[in-house]
file work24.txt (compact mmCIF, C-alpha atoms and all ligand atoms)
# COMPACT_ATOMS: atom_id res chain seq x y z
CA MET A 1 -176.13 -69.18 57.01
CA ALA A 2 -175.80 -72.40 58.94
CA VAL A 3 -177.61 -75.65 58.12
CA VAL A 4 -177.70 -77.55 61.40
CA LYS A 5 -179.19 -80.87 62.39
CA ALA A 6 -182.28 -80.15 64.47
CA ASP A 7 -181.55 -81.24 68.04
CA ARG A 8 -182.17 -79.83 71.50
CA ALA A 9 -179.18 -77.45 71.38
CA SER A 10 -179.72 -76.14 67.84
CA ILE A 11 -183.45 -75.60 68.49
CA LEU A 12 -182.58 -73.49 71.55
CA SER A 13 -180.12 -71.37 69.62
CA ALA A 14 -182.64 -71.00 66.77
CA ALA A 15 -185.16 -69.76 69.33
CA SER A 16 -182.78 -67.04 70.48
CA VAL A 17 -182.12 -65.97 66.87
CA LEU A 18 -185.91 -65.64 66.46
CA ARG A 19 -186.36 -63.71 69.71
CA ALA A 20 -183.65 -61.29 68.52
CA GLY A 21 -185.62 -60.60 65.30
CA GLY A 22 -183.68 -62.95 63.00
CA LEU A 23 -184.88 -65.48 60.42
CA VAL A 24 -184.78 -69.25 60.93
CA ALA A 25 -185.98 -71.85 58.43
CA PHE A 26 -187.55 -74.89 60.09
CA PRO A 27 -189.33 -78.06 59.02
CA THR A 28 -193.07 -78.59 59.43
CA GLU A 29 -195.06 -81.65 58.31
CA THR A 30 -195.96 -79.83 55.06
CA VAL A 31 -192.94 -77.85 53.79
CA TYR A 32 -190.03 -75.93 55.34
CA GLY A 33 -191.10 -72.54 56.70
CA LEU A 34 -189.13 -69.29 56.78
CA GLY A 35 -189.82 -68.21 60.34
CA ALA A 36 -189.78 -64.89 62.18
CA ASP A 37 -191.28 -63.55 65.41
CA ALA A 38 -194.84 -62.63 64.34
CA THR A 39 -195.01 -59.91 67.01
CA ASN A 40 -191.94 -58.09 65.61
CA GLY A 41 -192.75 -55.99 62.54
CA ALA A 42 -189.15 -55.59 61.41
CA ALA A 43 -188.58 -59.34 61.68
CA VAL A 44 -191.69 -59.97 59.56
CA ALA A 45 -190.48 -57.36 57.05
CA ARG A 46 -187.23 -59.33 56.74
CA ILE A 47 -189.26 -62.36 55.59
CA PHE A 48 -190.59 -60.36 52.64
CA GLU A 49 -187.10 -59.03 51.95
CA ALA A 50 -185.59 -62.53 51.99
CA LYS A 51 -188.31 -63.97 49.74
CA GLY A 52 -187.98 -61.08 47.30
CA ARG A 53 -191.74 -60.68 46.95
CA PRO A 54 -192.80 -57.60 44.96
CA ARG A 55 -195.91 -57.20 47.14
CA PHE A 56 -197.09 -57.88 50.69
CA ASN A 57 -199.36 -60.87 51.12
CA PRO A 58 -200.61 -62.00 54.52
CA LEU A 59 -198.54 -64.77 56.14
CA ILE A 60 -199.48 -67.80 58.25
CA VAL A 61 -198.86 -67.49 61.99
CA HIS A 62 -197.78 -70.73 63.68
CA VAL A 63 -198.71 -71.48 67.28
CA PRO A 64 -197.95 -74.38 69.67
CA ASP A 65 -201.59 -75.12 70.57
CA LEU A 66 -205.22 -73.95 70.55
CA ALA A 67 -204.78 -72.00 73.79
CA ALA A 68 -202.05 -69.87 72.19
CA ALA A 69 -204.21 -69.37 69.09
CA GLU A 70 -207.14 -68.16 71.20
CA THR A 71 -205.04 -65.31 72.60
CA LEU A 72 -204.51 -64.05 69.02
CA ALA A 73 -207.80 -64.62 67.19
CA VAL A 74 -211.54 -65.02 67.67
CA PHE A 75 -212.71 -68.63 67.43
CA SER A 76 -216.24 -69.47 66.28
CA GLY A 77 -217.82 -72.84 67.09
CA ASP A 78 -216.80 -74.17 63.66
CA ALA A 79 -213.23 -72.95 64.16
CA ARG A 80 -212.97 -74.69 67.52
CA ARG A 81 -214.42 -77.93 66.13
CA LEU A 82 -211.89 -77.87 63.28
CA ALA A 83 -208.99 -77.10 65.62
CA ASN A 84 -209.97 -80.05 67.81
CA ALA A 85 -210.22 -82.34 64.80
CA PHE A 86 -207.15 -81.25 62.80
CA TRP A 87 -204.63 -79.61 65.14
CA PRO A 88 -201.80 -80.20 65.34
CA GLY A 89 -201.85 -80.63 61.58
CA PRO A 90 -201.94 -79.11 58.09
CA LEU A 91 -205.04 -76.91 58.47
CA THR A 92 -204.78 -73.10 58.47
CA MET A 93 -207.73 -70.99 59.60
CA VAL A 94 -208.27 -67.33 58.73
CA LEU A 95 -209.94 -65.69 61.75
CA ALA A 96 -210.59 -62.17 63.08
CA ARG A 97 -207.58 -60.74 64.94
CA LYS A 98 -208.15 -60.05 68.61
CA PRO A 99 -207.61 -56.40 69.50
CA GLY A 100 -204.32 -56.05 71.36
CA CYS A 101 -203.15 -59.47 70.15
CA GLY A 102 -199.65 -58.09 69.73
CA LEU A 103 -199.20 -59.48 66.21
CA SER A 104 -197.51 -57.18 63.71
CA GLU A 105 -199.90 -55.56 61.22
CA LEU A 106 -197.58 -56.55 58.41
CA VAL A 107 -198.16 -60.25 59.14
CA SER A 108 -201.82 -59.66 58.15
CA ALA A 109 -200.83 -57.26 55.33
CA GLY A 110 -203.06 -54.69 57.03
CA LEU A 111 -206.17 -56.91 57.15
CA ASP A 112 -208.29 -57.35 60.29
CA THR A 113 -207.82 -61.11 59.99
CA VAL A 114 -204.98 -63.52 60.64
CA ALA A 115 -204.22 -67.00 59.29
CA ILE A 116 -203.27 -69.41 62.08
CA ARG A 117 -202.07 -72.97 62.17
CA CYS A 118 -200.63 -75.38 64.69
CA PRO A 119 -198.08 -77.61 62.95
CA ARG A 120 -197.69 -81.35 63.67
CA HIS A 121 -193.93 -81.72 63.69
CA ARG A 122 -191.49 -82.46 66.50
CA VAL A 123 -189.05 -79.71 65.50
CA ALA A 124 -191.66 -77.04 64.75
CA ALA A 125 -193.42 -77.76 68.06
CA ALA A 126 -190.18 -77.62 70.06
CA LEU A 127 -189.12 -74.40 68.33
CA LEU A 128 -192.48 -72.71 69.00
CA LYS A 129 -192.24 -73.70 72.65
CA ALA A 130 -188.63 -72.54 73.00
CA ALA A 131 -189.23 -69.23 71.19
CA GLY A 132 -192.30 -68.48 73.29
CA ARG A 133 -193.65 -66.34 70.44
CA PRO A 134 -196.06 -66.99 67.56
CA LEU A 135 -194.00 -67.48 64.41
CA ALA A 136 -194.86 -66.12 60.97
CA ALA A 137 -193.67 -68.61 58.37
CA PRO A 138 -194.37 -68.75 54.67
CA SER A 139 -192.74 -71.50 52.64
CA ALA A 140 -188.95 -71.12 52.74
CA ASN A 141 -188.26 -70.32 49.10
CA ARG A 142 -187.64 -67.24 46.95
CA SER A 143 -190.77 -65.74 45.46
CA GLY A 144 -191.88 -67.65 42.35
CA HIS A 145 -189.79 -70.74 43.18
CA VAL A 146 -191.24 -74.05 44.35
CA SER A 147 -191.70 -74.69 48.08
CA ALA A 148 -188.75 -76.28 49.86
CA THR A 149 -189.25 -79.78 51.27
CA GLU A 150 -185.61 -80.36 52.28
CA ALA A 151 -183.10 -78.23 54.19
CA GLU A 152 -180.69 -78.25 51.22
CA HIS A 153 -183.39 -76.71 49.01
CA VAL A 154 -183.79 -73.89 51.51
CA ALA A 155 -180.05 -73.30 51.67
CA ALA A 156 -179.70 -73.31 47.87
CA ASP A 157 -182.62 -70.94 47.39
CA LEU A 158 -182.24 -68.46 50.27
CA GLY A 159 -178.50 -68.65 51.03
CA GLU A 160 -177.28 -65.88 53.31
CA ARG A 161 -180.77 -64.34 53.52
CA VAL A 162 -181.54 -66.76 56.37
CA THR A 163 -179.45 -67.03 59.56
CA MET A 164 -180.08 -70.68 60.31
CA VAL A 165 -181.77 -73.72 58.75
CA LEU A 166 -182.89 -76.48 61.13
CA ASP A 167 -182.44 -79.72 59.20
CA ASP A 168 -184.73 -82.65 59.92
CA GLY A 169 -184.67 -84.32 56.52
CA ALA A 170 -187.46 -84.31 53.95
CA THR A 171 -190.92 -83.15 55.04
CA VAL A 172 -193.56 -85.88 55.22
CA LEU A 173 -196.46 -84.27 53.34
CA GLY A 174 -194.60 -82.06 50.85
CA LEU A 175 -197.73 -80.04 50.15
CA GLU A 176 -198.81 -76.82 51.91
CA SER A 177 -201.58 -76.66 54.48
CA THR A 178 -205.21 -76.22 53.49
CA VAL A 179 -206.36 -72.61 54.07
CA LEU A 180 -209.94 -71.93 55.21
CA ASP A 181 -211.61 -68.59 55.85
CA LEU A 182 -213.79 -68.88 58.98
CA THR A 183 -214.73 -65.22 59.37
CA GLY A 184 -218.16 -65.62 57.72
CA ALA A 185 -221.25 -67.71 58.44
CA ARG A 186 -219.89 -70.66 56.40
CA ALA A 187 -216.30 -71.82 55.99
CA VAL A 188 -214.66 -70.89 52.68
CA LEU A 189 -211.85 -72.89 51.07
CA LEU A 190 -209.14 -70.43 50.00
CA ARG A 191 -206.32 -72.88 49.24
CA PRO A 192 -206.65 -76.63 48.81
CA GLY A 193 -203.82 -78.41 50.62
CA ALA A 194 -202.73 -81.30 52.78
CA ALA A 195 -205.96 -81.50 54.83
CA PRO A 196 -208.56 -82.94 52.41
CA ALA A 197 -211.69 -80.82 51.88
CA GLU A 198 -213.94 -83.90 52.31
CA GLU A 199 -212.55 -84.55 55.79
CA ILE A 200 -213.12 -80.91 56.73
CA GLU A 201 -216.67 -81.10 55.40
CA ALA A 202 -217.28 -84.25 57.44
CA VAL A 203 -216.37 -82.36 60.63
CA LEU A 204 -218.39 -79.26 59.71
CA GLY A 205 -221.42 -81.19 58.46
CA TYR A 206 -221.81 -78.95 55.42
CA GLU A 207 -220.16 -78.29 52.09
CA LEU A 208 -217.33 -75.75 51.93
CA VAL A 209 -217.78 -72.64 49.84
CA ARG A 210 -215.02 -72.70 47.20
CA ARG A 211 -213.59 -69.29 46.49
CA LEU A 212 -210.59 -70.18 44.40
CA ASP A 213 -209.44 -67.80 41.76
CA GLY A 214 -209.75 -69.73 38.47
CA GLY A 215 -209.90 -73.14 40.17
CA GLU A 216 -206.36 -73.55 41.54
CA ARG A 217 -205.08 -70.21 42.70
CA PRO A 218 -206.06 -68.81 46.11
CA VAL A 219 -207.94 -65.55 46.43
CA SER A 220 -205.41 -62.99 45.36
CA PRO A 221 -204.00 -60.68 48.02
CA GLY A 222 -204.87 -57.83 45.67
CA GLN A 223 -208.54 -58.70 46.00
CA LEU A 224 -208.19 -58.97 49.76
CA GLU A 225 -206.58 -55.57 50.05
CA SER A 226 -208.89 -53.62 47.79
CA HIS A 227 -211.42 -52.68 50.47
CA TYR A 228 -208.74 -51.68 52.94
CA ALA A 229 -207.89 -48.42 51.22
CA PRO A 230 -207.84 -45.45 53.60
CA GLN A 231 -210.84 -43.08 53.65
CA ALA A 232 -208.55 -40.13 52.95
CA ARG A 233 -207.33 -39.46 49.41
CA VAL A 234 -203.75 -40.68 49.09
CA ARG A 235 -201.29 -38.52 47.12
CA LEU A 236 -197.98 -40.16 46.17
CA ASP A 237 -194.51 -38.67 45.55
CA ALA A 238 -195.48 -35.53 47.50
CA LYS A 239 -192.95 -32.70 47.33
CA ASP A 240 -194.90 -30.63 49.88
CA VAL A 241 -197.86 -31.09 52.22
CA GLY A 242 -201.04 -29.03 52.74
CA ALA A 243 -202.48 -27.87 56.09
CA ASP A 244 -205.53 -30.13 55.60
CA GLU A 245 -203.40 -33.16 54.85
CA ALA A 246 -201.52 -35.69 56.98
CA LEU A 247 -197.96 -36.57 56.01
CA LEU A 248 -196.56 -40.06 55.63
CA ALA A 249 -192.87 -39.21 55.71
CA PHE A 250 -189.77 -41.25 54.92
CA GLY A 251 -186.16 -40.35 55.59
CA PRO A 252 -184.42 -37.57 57.53
CA GLU A 253 -185.94 -34.54 55.75
CA PRO A 254 -189.75 -34.26 55.71
CA VAL A 255 -191.11 -32.15 52.86
CA PRO A 256 -192.11 -28.50 53.58
CA GLY A 257 -195.57 -27.68 54.95
CA THR A 258 -197.60 -27.73 58.18
CA PRO A 259 -199.61 -30.95 58.07
CA ARG A 260 -202.27 -31.92 60.64
CA ALA A 261 -200.28 -35.01 61.56
CA VAL A 262 -196.99 -36.65 60.61
CA ILE A 263 -195.79 -40.21 60.86
CA ASN A 264 -192.32 -40.99 59.60
CA LEU A 265 -192.05 -44.58 58.35
CA SER A 266 -188.31 -44.48 58.97
CA PRO A 267 -186.39 -41.29 59.79
CA ALA A 268 -183.20 -43.21 59.00
CA GLY A 269 -184.51 -44.16 55.55
CA ASP A 270 -184.47 -47.90 56.39
CA LEU A 271 -186.88 -49.88 54.18
CA VAL A 272 -187.21 -52.77 56.67
CA GLU A 273 -188.35 -50.35 59.36
CA ALA A 274 -190.64 -48.60 56.86
CA ALA A 275 -192.30 -51.88 55.86
CA ALA A 276 -192.82 -52.80 59.50
CA ASN A 277 -194.59 -49.47 60.16
CA LEU A 278 -196.55 -49.09 56.91
CA PHE A 279 -199.98 -50.52 57.74
CA SER A 280 -200.28 -49.13 61.25
CA ALA A 281 -199.10 -45.71 60.03
CA LEU A 282 -201.76 -45.60 57.29
CA ARG A 283 -204.46 -46.58 59.77
CA ARG A 284 -203.38 -44.06 62.38
CA LEU A 285 -203.13 -41.16 59.93
CA ASP A 286 -206.48 -42.05 58.38
CA ALA A 287 -208.15 -42.24 61.81
CA GLY A 288 -207.41 -38.53 62.30
CA GLY A 289 -209.80 -37.78 59.42
CA PRO A 290 -207.53 -35.65 57.20
CA ARG A 291 -208.73 -34.58 53.74
CA GLY A 292 -205.77 -36.37 52.25
CA ILE A 293 -202.59 -38.25 53.06
CA ALA A 294 -199.47 -36.97 51.33
CA VAL A 295 -196.85 -39.68 50.91
CA MET A 296 -193.19 -38.86 50.34
CA ARG A 297 -191.30 -40.71 47.63
CA ILE A 298 -189.98 -44.09 48.70
CA PRO A 299 -187.17 -45.72 46.70
CA ASP A 300 -188.30 -48.63 44.54
CA THR A 301 -185.46 -50.95 45.58
CA GLY A 302 -185.61 -53.98 47.89
CA LEU A 303 -188.69 -53.82 50.14
CA GLY A 304 -189.50 -50.44 48.55
CA GLU A 305 -191.11 -52.29 45.64
CA ALA A 306 -193.68 -53.97 47.92
CA ILE A 307 -194.22 -50.78 49.92
CA ASN A 308 -194.87 -48.81 46.73
CA ASP A 309 -197.18 -51.54 45.41
CA ARG A 310 -199.33 -51.18 48.53
CA LEU A 311 -199.27 -47.38 48.41
CA ARG A 312 -200.28 -47.33 44.73
CA ARG A 313 -203.31 -49.47 45.60
CA ALA A 314 -204.20 -47.10 48.43
CA ALA A 315 -203.94 -44.18 45.99
CA ALA A 316 -205.88 -45.82 43.15
CA PRO A 317 -209.31 -44.35 42.27
CA ARG A 318 -212.16 -46.09 44.13
CA PRO A 319 -215.10 -47.65 42.37
O1 LIG B 1 -197.98 -75.50 54.88
C1 LIG B 1 -198.00 -74.29 55.04
O2 LIG B 1 -199.03 -73.66 55.23
C2 LIG B 1 -196.64 -73.55 55.04
C3 LIG B 1 -195.84 -74.06 56.22
C4 LIG B 1 -194.50 -73.39 56.34
O3 LIG B 1 -196.59 -73.92 57.40
N1 LIG B 1 -196.84 -72.13 55.12
C5 LIG B 1 -197.35 -71.41 54.09
O4 LIG B 1 -197.47 -70.09 54.42
O5 LIG B 1 -197.66 -71.87 53.02
P1 LIG B 1 -197.75 -68.92 53.37
O6 LIG B 1 -197.60 -67.68 54.19
O7 LIG B 1 -196.91 -69.06 52.16
O8 LIG B 1 -199.25 -69.12 52.96
C6 LIG B 1 -200.14 -68.10 53.13
C7 LIG B 1 -201.46 -68.45 52.50
C8 LIG B 1 -201.65 -67.65 51.24
O9 LIG B 1 -202.45 -68.36 50.33
C9 LIG B 1 -202.36 -66.42 51.79
O10 LIG B 1 -203.04 -65.70 50.82
C10 LIG B 1 -203.26 -67.04 52.84
O11 LIG B 1 -202.50 -68.10 53.38
N2 LIG B 1 -203.55 -66.10 53.92
C11 LIG B 1 -202.76 -65.75 54.94
N3 LIG B 1 -203.34 -64.83 55.73
C12 LIG B 1 -204.56 -64.60 55.20
C13 LIG B 1 -205.65 -63.76 55.55
N4 LIG B 1 -205.60 -62.96 56.63
N5 LIG B 1 -206.73 -63.77 54.77
C14 LIG B 1 -206.79 -64.59 53.68
N6 LIG B 1 -205.80 -65.42 53.29
C15 LIG B 1 -204.70 -65.42 54.04
MG MG B 2 -195.22 -70.46 49.09
call {"tool": "encode", "arguments": {"input": "work24.txt", "output": "structure tokens"}}
result
Amino acid sequence: MAVVKADRASILSAASVLRAGGLVAFPTETVYGLGADATNGAAVARIFEAKGRPRFNPLIVHVPDLAAAETLAVFSGDARRLANAFWPGPLTMVLARKPGCGLSELVSAGLDTVAIRCPRHRVAAALLKAAGRPLAAPSANRSGHVSATEAEHVAADLGERVTMVLDDGATVLGLESTVLDLTGARAVLLRPGAAPAEEIEAVLGYELVRRLDGGERPVSPGQLESHYAPQARVRLDAKDVGADEALLAFGPEPVPGTPRAVINLSPAGDLVEAAANLFSALRRLDAGGPRGIAVMRIPDTGLGEAINDRLRRAAAPRP
């Protein structure tokens, strides 16, 4: 891993690392982000691997401007008013994904929505422009550790898990962006942050709905995911597959049987590739209307822990 002063040359080389599917940590006005090409599922999977998160939560996608955001997500009148008032800046909006937007499904953790923000920082803006791709970037720290506000914190926490850290000193705000859900009739505050709720309410002309779990914590990803279980019954650790089932395979040797459909998450048994394919594979198998989806055993190491967490939720009994 290289910590390099953010200048024209290092930003250009960081952009090529990102375009090749690598990870680059970069400063924003809030905290340092751990960035990857949001259109590349394997690159996004590497973010989860580097952070060591035991489950997939949806990540924020960073864009250079409103025009770029509008190619990815559906903007309501409120969303456009807020973008005009706060972007570039520390406001993140959860919006409906546009069909064919090209974003990885993993970046949304399988949801039909995406969180988007346009950062107000010289280096972040230059990197987004040079990369020419939307960048997924959660805070650049290991899971459970505090967010990094200096390049040295990133280096100490993530080490060799990140290819390059663009250093531009301490971040100005030091607090994450405010996250709003704009997919309903009224805006909902999911995470209080650097854009004050009162200023947002002044632009909207109404009071935000506050849907914080226990006051401080954002709506848990578990809650978000619960209604995204497949229609088909999901059977884990399958040793065989029935003729009325679809098979979610992993590794070089699919289990015996003649399923209606098969998708192999990774014939090579690569967990990064499997994570990148997980959500689209579940959707595609489910769309075929099988009675059940048989899932082969996936090792519980590295990204396997988060993959298995998601699969267990999909297999859990429905209310
Ligand atoms: O300041 C920031 O926002 C930093 C810098 C690097 O930009 N980024 C950041 O990203 O904090 P992240 O990925 O750690 O924050 C994601 C937050 C979580 O609270 C997550 O649950 C919420 O945004 N979120 C993301 N996508 C969502 C979605 N589709 N629906 C609901 N919440 C979502
Ligand atoms: Mg964080």
call {"tool": "closest_atom_pairs", "arguments": {"input": "work24.txt", "of": "range 54-123 of chain A", "to": "range 164-186 of chain A", "cutoff": "6 Å", "atoms": "all atoms listed in the file", "output": "tab-separated table"}}
result
residue	atom	partner	partner_atom	distance
A:Pro90	CA	A:Ser177	CA	4.4
A:Leu91	CA	A:Thr178	CA	5.0
A:Thr92	CA	A:Val179	CA	4.7
A:Met93	CA	A:Leu180	CA	5.0
A:Val94	CA	A:Asp181	CA	4.6
A:Leu95	CA	A:Thr183	CA	5.4
call {"tool": "residues_around", "arguments": {"input": "work24.txt", "residues": "range 52-63 of chain A", "least_positions_apart": "2", "cutoff": "7 Å", "atoms": "all atoms listed in the file", "output": "ChimeraX atom specification"}}
result
/A:38,48-50,65,68-69,107-109,115-119,128,134-138,142-143,221,305-306,309
call {"tool": "residues_near_point", "arguments": {"input": "work24.txt", "point": "(-198.6, -82.7, 67.2)", "cutoff": "12 Å", "atoms": "all atoms listed in the file", "output": "JSON, numbers by chain"}}
result
{"A": [28, 29, 63, 64, 65, 66, 83, 84, 85, 86, 87, 88, 89, 90, 117, 118, 119, 120, 121, 122, 123, 124, 125, 126, 128]}
call {"tool": "closest_atom_pairs", "arguments": {"input": "work24.txt", "of": "chain A", "to": "ligand MG 2 (chain B)", "cutoff": "7 Å", "atoms": "all atoms listed in the file", "output": "Markdown table"}}
result
| residue | atom | partner | partner_atom | distance |
| --- | --- | --- | --- | --- |
| A:Pro138 | CA | B:MG2 | MG | 5.9 |
| A:Ser139 | CA | B:MG2 | MG | 4.5 |
| A:Asn141 | CA | B:MG2 | MG | 7.0 |
| A:Ser147 | CA | B:MG2 | MG | 5.6 |
call {"tool": "axis_aligned_box", "arguments": {"input": "work24.txt", "around": "ligand LIG 1 (chain B)", "padding_each_side": "8 Å", "output": "AutoDock Vina command-line options"}}
result
--center_x -200.6 --center_y -69.2 --center_z 53.9 --size_x 28.3 --size_y 28.5 --size_z 23.1
call {"tool": "closest_residue", "arguments": {"input": "work24.txt", "among": "A:Leu158, A:Ala45, A:Leu190, A:Leu72", "to": "ligand LIG 1 (chain B)", "atoms": "only C-alpha atoms and all ligand atoms"}}
result
A:Leu190
call {"tool": "residues_near_point", "arguments": {"input": "work24.txt", "point": "(-187.1, -48.0, 60.3)", "cutoff": "12 Å", "atoms": "all atoms listed in the file", "output": "list in words"}}
result
Gly41, Ala42, Ala43, Ala45, Arg46, Ala249, Phe250, Gly251, Pro252, Ile263, Asn264, Leu265, Ser266, Pro267, Ala268, Gly269, Asp270, Leu271, Val272, Glu273, Ala274, Ala275, Ala276, Asn277, Leu278 and Leu303 of chain A
call {"tool": "closest_residue", "arguments": {"input": "work24.txt", "among": "A:Pro317, A:Pro196, A:Gly242, A:Gly304", "to": "Ala229 in chain A", "atoms": "all atoms listed in the file"}}
result
A:Pro317
call {"tool": "closest_residue", "arguments": {"input": "work24.txt", "among": "A:Met296, A:Leu23, A:Gly110, A:Leu282", "to": "Gly159 in chain A", "atoms": "all atoms listed in the file"}}
result
A:Leu23
call {"tool": "residues_around", "arguments": {"input": "work24.txt", "residues": "range 245-248 of chain A", "least_positions_apart": "5", "cutoff": "6 Å", "atoms": "only C-alpha atoms", "output": "PyMOL selection string"}}
result
chain A and resi 259-264+290-295
call {"tool": "closest_residue", "arguments": {"input": "work24.txt", "among": "A:Asp7, A:Gly257, A:Ala187, A:Asp37", "to": "Leu204 in chain A", "atoms": "all atoms listed in the file"}}
result
A:Ala187
call {"tool": "residues_around", "arguments": {"input": "work24.txt", "residues": "Ala197 in chain A", "least_positions_apart": "3", "cutoff": "10 Å", "atoms": "only C-alpha atoms", "output": "short mmCIF file (atom, residue, chain, number, x, y, z; two decimals) with C-alpha atoms, in the frame of the given file"}}
result
data_model
loop_
_atom_site.label_atom_id
_atom_site.label_comp_id
_atom_site.auth_asym_id
_atom_site.auth_seq_id
_atom_site.Cartn_x
_atom_site.Cartn_y
_atom_site.Cartn_z
CA THR A 178 -205.21 -76.22 53.49
CA LEU A 180 -209.94 -71.93 55.21
CA LEU A 189 -211.85 -72.89 51.07
CA ARG A 191 -206.32 -72.88 49.24
CA PRO A 192 -206.65 -76.63 48.81
CA GLY A 193 -203.82 -78.41 50.62
CA ALA A 194 -202.73 -81.30 52.78
CA ILE A 200 -213.12 -80.91 56.73
CA GLU A 201 -216.67 -81.10 55.40
CA ALA A 202 -217.28 -84.25 57.44
CA GLU A 207 -220.16 -78.29 52.09
CA LEU A 208 -217.33 -75.75 51.93
CA ARG A 210 -215.02 -72.70 47.20
#
call {"tool": "atom_distance", "arguments": {"input": "work24.txt", "atom1": "CA of Ala14 in chain A", "atom2": "atom P1 of ligand LIG 1 (chain B)"}}
result
20.3 Å
call {"tool": "closest_residue", "arguments": {"input": "work24.txt", "among": "A:Gly132, A:Gly102, A:Gly77, A:Gly144", "to": "ligand LIG 1 (chain B)", "atoms": "only C-alpha atoms and all ligand atoms"}}
result
A:Gly144
call {"tool": "closest_residue", "arguments": {"input": "work24.txt", "among": "A:Leu82, A:Leu106, A:Leu18, A:Leu111", "to": "ligand LIG 1 (chain B)", "atoms": "only C-alpha atoms and all ligand atoms"}}
result
A:Leu111
call {"tool": "atom_distance", "arguments": {"input": "work24.txt", "atom1": "CA of Ala96 in chain A", "atom2": "CA of Arg310 in chain A"}}
result
21.4 Å
call {"tool": "atom_distance", "arguments": {"input": "work24.txt", "atom1": "CA of Pro256 in chain A", "atom2": "CA of Ala238 in chain A"}}
result
9.9 Å
call {"tool": "decode", "arguments": {"input": "work24.txt", "residues": "range 56-68 of chain A", "atoms": "N, CA, C and O atoms", "output": "PDB file, in the first residue's frame"}}
result
ATOM      1  N   PHE A  56     -23.385  -7.904   4.400  1.00  0.00           N
ATOM      2  CA  PHE A  56     -23.421  -6.888   3.349  1.00  0.00           C
ATOM      3  C   PHE A  56     -24.400  -5.796   3.738  1.00  0.00           C
ATOM      4  O   PHE A  56     -25.564  -6.074   4.002  1.00  0.00           O
ATOM      5  N   ASN A  57     -23.919  -4.556   3.773  1.00  0.00           N
ATOM      6  CA  ASN A  57     -24.828  -3.428   3.921  1.00  0.00           C
ATOM      7  C   ASN A  57     -24.673  -2.569   2.682  1.00  0.00           C
ATOM      8  O   ASN A  57     -23.617  -2.587   2.047  1.00  0.00           O
ATOM      9  N   PRO A  58     -25.719  -1.842   2.287  1.00  0.00           N
ATOM     10  CA  PRO A  58     -25.593  -1.045   1.065  1.00  0.00           C
ATOM     11  C   PRO A  58     -24.608   0.107   1.264  1.00  0.00           C
ATOM     12  O   PRO A  58     -24.505   0.662   2.355  1.00  0.00           O
ATOM     13  N   LEU A  59     -23.863   0.435   0.215  1.00  0.00           N
ATOM     14  CA  LEU A  59     -22.814   1.455   0.282  1.00  0.00           C
ATOM     15  C   LEU A  59     -23.236   2.731  -0.437  1.00  0.00           C
ATOM     16  O   LEU A  59     -24.103   2.700  -1.302  1.00  0.00           O
ATOM     17  N   ILE A  60     -22.577   3.835  -0.111  1.00  0.00           N
ATOM     18  CA  ILE A  60     -22.853   5.104  -0.782  1.00  0.00           C
ATOM     19  C   ILE A  60     -22.082   5.173  -2.094  1.00  0.00           C
ATOM     20  O   ILE A  60     -20.898   4.837  -2.149  1.00  0.00           O
ATOM     21  N   VAL A  61     -22.782   5.594  -3.151  1.00  0.00           N
ATOM     22  CA  VAL A  61     -22.162   5.786  -4.463  1.00  0.00           C
ATOM     23  C   VAL A  61     -21.895   7.280  -4.648  1.00  0.00           C
ATOM     24  O   VAL A  61     -22.795   8.105  -4.491  1.00  0.00           O
ATOM     25  N   HIS A  62     -20.631   7.598  -4.968  1.00  0.00           N
ATOM     26  CA  HIS A  62     -20.214   8.990  -5.130  1.00  0.00           C
ATOM     27  C   HIS A  62     -20.181   9.355  -6.607  1.00  0.00           C
ATOM     28  O   HIS A  62     -19.695   8.573  -7.434  1.00  0.00           O
ATOM     29  N   VAL A  63     -20.698  10.533  -6.916  1.00  0.00           N
ATOM     30  CA  VAL A  63     -20.756  11.000  -8.307  1.00  0.00           C
ATOM     31  C   VAL A  63     -20.189  12.426  -8.380  1.00  0.00           C
ATOM     32  O   VAL A  63     -20.171  13.143  -7.376  1.00  0.00           O
ATOM     33  N   PRO A  64     -19.756  12.844  -9.602  1.00  0.00           N
ATOM     34  CA  PRO A  64     -19.173  14.183  -9.739  1.00  0.00           C
ATOM     35  C   PRO A  64     -20.217  15.300  -9.740  1.00  0.00           C
ATOM     36  O   PRO A  64     -19.900  16.439  -9.388  1.00  0.00           O
ATOM     37  N   ASP A  65     -21.455  15.004 -10.153  1.00  0.00           N
ATOM     38  CA  ASP A  65     -22.465  16.067 -10.242  1.00  0.00           C
ATOM     39  C   ASP A  65     -23.875  15.465 -10.368  1.00  0.00           C
ATOM     40  O   ASP A  65     -24.037  14.245 -10.477  1.00  0.00           O
ATOM     41  N   LEU A  66     -24.869  16.352 -10.371  1.00  0.00           N
ATOM     42  CA  LEU A  66     -26.263  15.918 -10.449  1.00  0.00           C
ATOM     43  C   LEU A  66     -26.551  15.188 -11.758  1.00  0.00           C
ATOM     44  O   LEU A  66     -27.295  14.200 -11.784  1.00  0.00           O
ATOM     45  N   ALA A  67     -25.947  15.634 -12.843  1.00  0.00           N
ATOM     46  CA  ALA A  67     -26.196  14.985 -14.141  1.00  0.00           C
ATOM     47  C   ALA A  67     -25.782  13.519 -14.085  1.00  0.00           C
ATOM     48  O   ALA A  67     -26.496  12.635 -14.574  1.00  0.00           O
ATOM     49  N   ALA A  68     -24.637  13.239 -13.481  1.00  0.00           N
ATOM     50  CA  ALA A  68     -24.173  11.849 -13.347  1.00  0.00           C
ATOM     51  C   ALA A  68     -25.131  11.070 -12.457  1.00  0.00           C
ATOM     52  O   ALA A  68     -25.472   9.913 -12.745  1.00  0.00           O
TER      53      ALA A  68
END
